[in-house]
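> Have a look at the structure that comes next, please.
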Number of protein chains: 2
Amino acid sequence: MASINDVAELAGVSKATVSRVLNKTGQIRSTTRERVDQAMKKLNYRPSPLAQSLATSSSNTIGLVVTTYRGHFFSELMAEVQESVEEQDKFLLVSRGKRSQACERHAINRLKDMFCSGLILHSRNLYDEELLELAQDKTPFVLLDREVKGLEDRCIVYEHTTAGRIAVEHLIEHGHRHIACIAGPLHRTTSRLRYEGYLQALHKHNIPVQESMVAEADYDRAGGYQAMKQLLDQHPEITAVFSCSEEMCVGAFDLFRERNLSVPNDISMVSFDSVSMCTILTPQVTTVHLPIKDMAAESARVLLDLMNHKANVQPKRFLPELRTRSSVQRV
Amino acid sequence: MASINDVAELAGVSKATVSRVLNKTGQIRSTTRERVDQAMKKLNYRPSPLAQSLATSSSNTIGLVVTTYRGHFFSELMAEVQESVEEQDKFLLVSRGKRSQACERHAINRLKDMFCSGLILHSRNLYDEELLELAQDKTPFVLLDREVKGLEDRCIVYEHTTAGRIAVEHLIEHGHRHIACIAGPLHRTTSRLRYEGYLQALHKHNIPVQESMVAEADYDRAGGYQAMKQLLDQHPEITAVFSCSEEMCVGAFDLFRERNLSVPNDISMVSFDSVSMCTILTPQVTTVHLPIKDMAAESARVLLDLMNHKANVQPKRFLPELRTRSSVQRV
DNA sequence: TTGTAGGCGTTATCAT
DNA sequence: ATGATAACGCCTACAA
């Protein structure tokens with residue numbers, strides 16, 4: 001790879017001059033600029049982003065940390081962020097934090113050490129305190145789908161609890177009393193919030209809560225299938241189910257198919273969704289929608305504003321929305 | 001951020017020594033090592049990967065370039081690569097090439113310039129020659145789902161044409177003669193190959209090919225819906241459809257639902273798939289499977305072998321496999 | 001308008 | 001066993 005020295009030599013100037021034409025800084029005679037440009041072209045020169053970053057403690061790169069690549073949810077998230085970031089001529093680097101604190105920290109540090117000029121974090125494992133600490137550094141960041149007090153201007157939040165409540169109340173309004181819940185891993189905040197919504201709805205309508213009407217699964221199809229099986233075996237009286245993710249909903253339907261159970265005749269269903277997977281099912285299922293695309297776009301917007309030191313970047317709060325389809329029947 | 005100098009100073013040694021304990025190179029008195037370790041801990045020192053790369057022209061990073069983040073296909077691909085790469089304690093950086101040559105080249109160059117020690121490319125836009133040229137550089141890379149002659153040892157290939165042929169022959173064997181094709185963008189190689197398979201099957205069985213029985217779409221759900229509509233409006237005699245992607249298949253089903261058409265009674269369907277989206281549909285649809293997970297894992301394996309200069313890394317060739325389900329009826 | 005030189009945080013080669 | 005010191009490729013005062 002040709003370096004700035006090679007270019008300087010070929011053009012018969014100093015590397016300072018080359019650097020100047022590269023960064024369009026200072027005044028340069030047009031004839032020299034010409035010569036330098038020629039040389040760069042001839043040598044197929046590309047400045048080393050590494051050296052540049054090292055020298056300037058900066059880069060035109062933005063980092064995105066997700067918890068997993070798996071699932072349609074994250075594709076949408078990444079795609080949207082990429083597009084937003086691209087518009088600003090920034091380069092997006094994405095990395096994964098996995099399910100452990102250590103990995104998440106590692107990914108973030110790595111990106112910071114590469115002088116990413118901003119970070120978008122879908123962080124699930126780091127504690128609030130660590131995030132608060134991170135906010136002391138100069139690298140700006142936003143938190144996607146997470147609420148940390150003290151960092152309100154960097155949090156893109158969605159009201160999971162409200163969402164859960166709305167979903168379950170919809171079922172209740174249709175006369176259901178035996179409502180099961182397929183929950184995500186309850187040690188995760190968002191899962192727990194959705195579950196809280198379920199509880200709130202039941203309480204509000206004086207329906208007793210039974211712990212065995214709740215089954216935890218890992219947000220995936222297989223888990224949804226297992227959870228549904230367990231639920232149904234234990235509680236044949238169930239008339240409705242609230243699923244906390246679309247994949248789990250698909251899994252539940254796998255069981256319905258197997259047992260020849262009909263939705264909504266035998267059982268009603270409301271599910272969370274964010275990428276319309278629930279509309280592939282037959283019948284299409286009623287959902288509370290989590291607008292991941294919009295949230296991703298908003299996170300990019302907020303980050304960019306933060307980076308440009310715009311004042312008052314108040315992130316928008318995202319509210320749940322019920323999308324009524326054909327999976328709920330009055331009982 | 002504390003630098004190696006700070007550590008050296010605090011420990012009362014030279015930075016050369018710090019570097020040595022960092023890289024476990026050379027001999028160091030255990031007491032000094034101790035002091036250095038203490039200092040590093042105390043300062044919360046992290047070596048700068050940038051400076052390291054600049055100094056060594058290397059890094060423990062692997063780059064992955066995909067054409068888009070959108071779609072379940074790519075999630076699986078990325079997730080799988082991440083896991084394979086992680087096992088080798090490498091850090092994975094992923095970037096996107098978009099749909100233009102320029103973007104793809106940009107992403108690759110960027111990653112190369114960051115001294116990624118290896119690259120996995122899902123390249124669709126670069127010409128063979130450019131790839132051949134790229135192979136001259138020292139950064140090793142593999143090509144995922146692409147075949148370039150001269151680079152056989154770096155290509156993870158899938159037989160798209162065979163796959164298409166198998167799918168369509170399955171339909172033919174069930175008595176179908178009026179078989180439509182929902183194709184991907186035909187300027188893209190893999191789309192074209194699948195389409196070739198369709199043609200081969202028809203020719204082989206002496207079924208005349210009608211151009212208007214083929215509709216192009218952009219591999220997505222909306223496109224599949226539109227294509228199916230156009231096809232059906234123009235050719236009511238169609239009894240079977242071959243879809244070149246699962247998303248498009250879902251789109252076709254959207255139309256079926258709208259028109260109250262029943263699969264497989266009114267129409268039979270065979271589709272490509274790679275992430276089992278076709279099993280969410282009712283009825284579950286028969287598919288030719290593209291094992292993207294396995295291919296991704298294989299690409300990581302081959303790359304790692306390449307990087308370790310293992311001889312004879314002959315990549316495995318992936319063959320299509322028909323997964324019979326309930327969407328095809330004898331006519 | 002252009003060149004010189006020091007610095008960014010490492011590694012690596014010589015010395016000692 | 002450890003310390004100087006010159007790279008690595010670039011930027012940026014400061015000089016000229």
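Letters for chains follow the order of the structure tokens (A, B, ...), residue numbers begin at 1 for each chain, and ligand numbers begin at 1 in the order shown.
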Quick one: which residues from chain B are at most 10 Å off chain A, using only C-alpha atoms, as a PyMOL selection string?
chain B and resi 1+46-55+63-64+68-80+82-83+91-96+98+106-107+109-115+137+250-251+253-254+257+277-283
> Residues of chain D within 12 Å of chain A, using only C-alpha atoms (C1' of nucleotides), as a PyMOL selection string?
chain D and resi 8-13
> Using backbone DSSP assignments, extract all helix (DSSP H, G or I) residues from region 132-292 of chain B; output them as a tab-separated table (two decimals) with C-alpha atoms, in the first residue's frame.

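Once everything was written out, this is result_8.tsv:
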chain	number	residue	atom	x	y	z
B	132	LEU	CA	-9.06	-12.02	-8.70
B	133	GLU	CA	-7.04	-8.88	-8.25
B	134	LEU	CA	-7.99	-8.69	-4.61
B	152	GLU	CA	-11.78	-22.37	-6.12
B	153	ASP	CA	-10.12	-22.78	-2.75
B	154	ARG	CA	-11.85	-19.69	-1.42
B	160	HIS	CA	-28.46	-22.93	-7.40
B	161	THR	CA	-29.23	-24.28	-10.82
B	162	THR	CA	-29.57	-27.82	-9.60
B	163	ALA	CA	-31.78	-26.55	-6.83
B	164	GLY	CA	-34.08	-24.77	-9.23
B	165	ARG	CA	-34.25	-27.79	-11.46
B	166	ILE	CA	-35.06	-30.16	-8.63
B	167	ALA	CA	-37.83	-27.89	-7.41
B	168	VAL	CA	-39.47	-27.57	-10.77
B	169	GLU	CA	-39.07	-31.22	-11.64
B	170	HIS	CA	-40.87	-32.04	-8.44
B	171	LEU	CA	-43.77	-30.02	-9.73
B	172	ILE	CA	-43.59	-31.64	-13.14
B	173	GLU	CA	-43.54	-35.07	-11.62
B	189	THR	CA	-26.06	-14.22	-10.62
B	190	THR	CA	-27.70	-16.45	-8.06
B	191	SER	CA	-31.15	-15.37	-9.18
B	192	ARG	CA	-30.26	-16.15	-12.72
B	193	LEU	CA	-28.88	-19.55	-11.82
B	194	ARG	CA	-32.07	-20.52	-10.06
B	195	TYR	CA	-33.99	-19.36	-13.06
B	196	GLU	CA	-31.76	-21.46	-15.28
B	197	GLY	CA	-32.77	-24.44	-13.22
B	198	TYR	CA	-36.40	-23.65	-13.94
B	199	LEU	CA	-35.66	-23.51	-17.66
B	200	GLN	CA	-33.66	-26.71	-17.63
B	201	ALA	CA	-36.47	-28.60	-15.98
B	202	LEU	CA	-39.02	-27.38	-18.49
B	203	HIS	CA	-36.80	-28.16	-21.46
B	204	LYS	CA	-35.97	-31.56	-20.20
B	211	GLU	CA	-41.57	-15.55	-20.87
B	212	SER	CA	-44.70	-14.13	-19.36
B	213	MET	CA	-44.81	-17.03	-16.95
B	221	ARG	CA	-42.62	-10.06	0.42
B	222	ALA	CA	-44.20	-7.11	-1.34
B	223	GLY	CA	-42.46	-8.08	-4.55
B	224	GLY	CA	-43.69	-11.63	-4.29
B	225	TYR	CA	-47.23	-10.40	-3.85
B	226	GLN	CA	-47.05	-8.18	-6.91
B	227	ALA	CA	-45.40	-10.81	-9.03
B	228	MET	CA	-48.00	-13.38	-8.11
B	229	LYS	CA	-50.80	-11.00	-8.93
B	230	GLN	CA	-49.36	-10.20	-12.32
B	231	LEU	CA	-48.79	-13.84	-13.07
B	232	LEU	CA	-52.26	-14.93	-12.10
B	233	ASP	CA	-54.00	-12.09	-13.90
B	234	GLN	CA	-52.16	-12.90	-17.06
B	246	GLU	CA	-39.09	-17.59	0.99
B	247	GLU	CA	-40.03	-13.94	1.39
B	248	MET	CA	-41.51	-13.89	-2.09
B	249	CYS	CA	-43.36	-17.07	-1.28
B	250	VAL	CA	-44.89	-15.37	1.71
B	251	GLY	CA	-45.92	-12.53	-0.56
B	252	ALA	CA	-47.55	-14.94	-2.96
B	253	PHE	CA	-49.49	-16.40	-0.08
B	254	ASP	CA	-50.68	-12.92	0.79
B	255	LEU	CA	-52.32	-12.82	-2.60
B	256	PHE	CA	-53.75	-16.29	-2.22
B	257	ARG	CA	-55.32	-15.26	1.02
B	258	GLU	CA	-56.76	-12.17	-0.61
B	259	ARG	CA	-58.24	-14.10	-3.49
B	277	MET	CA	-40.05	-19.20	6.99
B	278	CYS	CA	-42.00	-21.48	4.70
B	279	THR	CA	-42.96	-23.67	7.60
B	292	ILE	CA	-26.95	-20.85	4.87
> Could you please tell me, as number ranges by chain, which residues of chain C have an atom within 8 Å of chain A when using only C-alpha atoms (C1' of nucleotides)?
C: 1-3, 7-9
> Take CA of Met307 (chain A) and CA of Pro140 (chain A) and report the distance between them in Å, one decimal.
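These atoms are spaced 6.5 Å apart.
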> Write down as an mmCIF file with N, CA and C atoms, in the first residue's frame the residues belonging to region 66-296 of chain A that are assigned strand (DSSP E) by DSSP computed on the backbone.

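Contents of the output file out-v4.cif:
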data_model
loop_
_atom_site.group_PDB
_atom_site.id
_atom_site.type_symbol
_atom_site.label_atom_id
_atom_site.label_comp_id
_atom_site.auth_asym_id
_atom_site.auth_seq_id
_atom_site.Cartn_x
_atom_site.Cartn_y
_atom_site.Cartn_z
ATOM 1 N N VAL A 66 -25.061 -4.824 19.112
ATOM 2 C CA VAL A 66 -26.326 -5.530 19.322
ATOM 3 C C VAL A 66 -26.076 -6.736 20.210
ATOM 4 N N PHE A 91 -19.227 5.742 8.410
ATOM 5 C CA PHE A 91 -19.066 4.322 8.172
ATOM 6 C C PHE A 91 -19.558 3.576 9.402
ATOM 7 N N LEU A 92 -20.407 2.593 9.186
ATOM 8 C CA LEU A 92 -20.949 1.864 10.337
ATOM 9 C C LEU A 92 -20.230 0.550 10.574
ATOM 10 N N LEU A 93 -19.818 0.363 11.801
ATOM 11 C CA LEU A 93 -19.194 -0.895 12.186
ATOM 12 C C LEU A 93 -20.113 -1.558 13.181
ATOM 13 N N VAL A 94 -20.461 -2.811 12.933
ATOM 14 C CA VAL A 94 -21.328 -3.421 13.924
ATOM 15 C C VAL A 94 -20.669 -4.608 14.589
ATOM 16 N N SER A 95 -20.996 -4.770 15.828
ATOM 17 C CA SER A 95 -20.387 -5.817 16.616
ATOM 18 C C SER A 95 -21.420 -6.382 17.578
ATOM 19 N N ARG A 96 -21.072 -7.476 18.196
ATOM 20 C CA ARG A 96 -22.054 -8.132 19.018
ATOM 21 C C ARG A 96 -21.609 -8.290 20.463
ATOM 22 N N GLY A 118 -19.188 7.791 17.604
ATOM 23 C CA GLY A 118 -20.445 7.652 18.321
ATOM 24 C C GLY A 118 -20.849 6.191 18.387
ATOM 25 N N LEU A 119 -21.655 5.859 19.371
ATOM 26 C CA LEU A 119 -22.052 4.467 19.570
ATOM 27 C C LEU A 119 -23.563 4.355 19.733
ATOM 28 N N ILE A 120 -24.125 3.327 19.124
ATOM 29 C CA ILE A 120 -25.521 3.006 19.380
ATOM 30 C C ILE A 120 -25.528 1.655 20.073
ATOM 31 N N LEU A 121 -26.073 1.633 21.253
ATOM 32 C CA LEU A 121 -25.992 0.400 22.035
ATOM 33 C C LEU A 121 -27.351 -0.226 22.287
ATOM 34 N N PHE A 141 -22.988 8.327 23.052
ATOM 35 C CA PHE A 141 -23.705 7.112 22.694
ATOM 36 C C PHE A 141 -25.183 7.261 23.012
ATOM 37 N N VAL A 142 -25.983 6.400 22.400
ATOM 38 C CA VAL A 142 -27.392 6.351 22.758
ATOM 39 C C VAL A 142 -27.746 4.914 23.106
ATOM 40 N N LEU A 143 -28.775 4.783 23.911
ATOM 41 C CA LEU A 143 -29.225 3.471 24.359
ATOM 42 C C LEU A 143 -30.533 3.145 23.659
ATOM 43 N N LEU A 144 -30.525 2.063 22.918
ATOM 44 C CA LEU A 144 -31.702 1.697 22.157
ATOM 45 C C LEU A 144 -32.583 0.750 22.954
ATOM 46 N N CYS A 155 -31.704 7.971 25.706
ATOM 47 C CA CYS A 155 -32.459 6.726 25.748
ATOM 48 C C CYS A 155 -33.632 6.735 24.770
ATOM 49 N N ILE A 156 -33.661 5.735 23.929
ATOM 50 C CA ILE A 156 -34.785 5.565 23.035
ATOM 51 C C ILE A 156 -35.666 4.523 23.697
ATOM 52 N N ILE A 179 -56.254 -16.641 30.890
ATOM 53 C CA ILE A 179 -55.275 -16.132 29.937
ATOM 54 C C ILE A 179 -53.863 -16.530 30.327
ATOM 55 N N ALA A 180 -53.239 -17.278 29.460
ATOM 56 C CA ALA A 180 -51.865 -17.699 29.730
ATOM 57 C C ALA A 180 -50.890 -16.682 29.159
ATOM 58 N N CYS A 181 -49.657 -16.770 29.629
ATOM 59 C CA CYS A 181 -48.636 -15.842 29.142
ATOM 60 C C CYS A 181 -47.373 -16.595 28.777
ATOM 61 N N ILE A 182 -46.937 -16.421 27.544
ATOM 62 C CA ILE A 182 -45.633 -16.961 27.153
ATOM 63 C C ILE A 182 -44.663 -15.798 27.256
ATOM 64 N N ALA A 183 -43.854 -15.838 28.285
ATOM 65 C CA ALA A 183 -42.965 -14.715 28.561
ATOM 66 C C ALA A 183 -41.560 -14.974 28.056
ATOM 67 N N VAL A 214 -48.002 -18.905 33.529
ATOM 68 C CA VAL A 214 -46.928 -18.176 32.861
ATOM 69 C C VAL A 214 -45.779 -19.124 32.562
ATOM 70 N N ALA A 215 -45.339 -19.153 31.333
ATOM 71 C CA ALA A 215 -44.207 -20.006 30.980
ATOM 72 C C ALA A 215 -43.121 -19.156 30.344
ATOM 73 N N GLU A 216 -41.915 -19.363 30.810
ATOM 74 C CA GLU A 216 -40.793 -18.616 30.257
ATOM 75 C C GLU A 216 -40.194 -19.341 29.062
ATOM 76 N N ALA A 240 -57.187 -18.188 26.108
ATOM 77 C CA ALA A 240 -56.438 -17.158 25.385
ATOM 78 C C ALA A 240 -54.988 -17.127 25.834
ATOM 79 N N VAL A 241 -54.134 -16.675 24.928
ATOM 80 C CA VAL A 241 -52.704 -16.620 25.221
ATOM 81 C C VAL A 241 -52.136 -15.268 24.832
ATOM 82 N N PHE A 242 -51.249 -14.769 25.682
ATOM 83 C CA PHE A 242 -50.517 -13.547 25.365
ATOM 84 C C PHE A 242 -49.063 -13.948 25.163
ATOM 85 N N SER A 243 -48.560 -13.765 23.954
ATOM 86 C CA SER A 243 -47.179 -14.134 23.652
ATOM 87 C C SER A 243 -46.302 -12.893 23.607
ATOM 88 N N SER A 268 -57.697 -18.033 21.651
ATOM 89 C CA SER A 268 -57.401 -16.701 21.122
ATOM 90 C C SER A 268 -55.950 -16.346 21.406
ATOM 91 N N MET A 269 -55.419 -15.452 20.604
ATOM 92 C CA MET A 269 -53.987 -15.133 20.756
ATOM 93 C C MET A 269 -53.722 -13.664 20.476
ATOM 94 N N VAL A 270 -52.909 -13.074 21.338
ATOM 95 C CA VAL A 270 -52.378 -11.735 21.059
ATOM 96 C C VAL A 270 -50.877 -11.831 21.269
ATOM 97 N N SER A 271 -50.127 -11.226 20.394
ATOM 98 C CA SER A 271 -48.677 -11.345 20.490
ATOM 99 C C SER A 271 -47.975 -10.007 20.317
ATOM 100 N N PHE A 272 -46.791 -9.922 20.844
ATOM 101 C CA PHE A 272 -45.898 -8.827 20.518
ATOM 102 C C PHE A 272 -45.418 -9.068 19.097
ATOM 103 N N ASP A 273 -45.116 -8.024 18.372
ATOM 104 C CA ASP A 273 -44.382 -8.224 17.134
ATOM 105 C C ASP A 273 -43.701 -6.945 16.720
ATOM 106 N N THR A 286 -53.503 -10.821 15.991
ATOM 107 C CA THR A 286 -53.570 -9.491 16.583
ATOM 108 C C THR A 286 -52.317 -9.249 17.417
ATOM 109 N N THR A 287 -51.743 -8.079 17.286
ATOM 110 C CA THR A 287 -50.484 -7.830 17.989
ATOM 111 C C THR A 287 -50.404 -6.443 18.613
ATOM 112 N N VAL A 288 -49.490 -6.319 19.561
ATOM 113 C CA VAL A 288 -49.047 -4.987 19.955
ATOM 114 C C VAL A 288 -47.722 -4.796 19.246
ATOM 115 N N HIS A 289 -47.618 -3.694 18.571
ATOM 116 C CA HIS A 289 -46.474 -3.500 17.699
ATOM 117 C C HIS A 289 -45.346 -2.724 18.353
#
> Quick one, how far is CA of Val275 (chain B) from CA of Val65 (chain B)?
19.9 Å
> Determine, counting only C-alpha atoms (C1' of nucleotides), which protein, DNA and RNA residues have an atom within 12 Å of an atom of DC14 (chain C); residues of the same chain fewer than 3 positions away are not included. Present the result as JSON, numbers by chain.
{"D": [3, 4, 5, 6]}
> Report, in Å to a single decimal, how far apart CA of Gln210 (chain A) and CA of Arg177 (chain A) are.
11.5 Å
> Can you work out which one of A:Leu131, A:Leu10, A:Lys24, A:Val81 has the shortest atom-to-atom distance to Val302 (chain A), counting only C-alpha atoms?
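Under the stated criterion, the closest residue is A:Val81.
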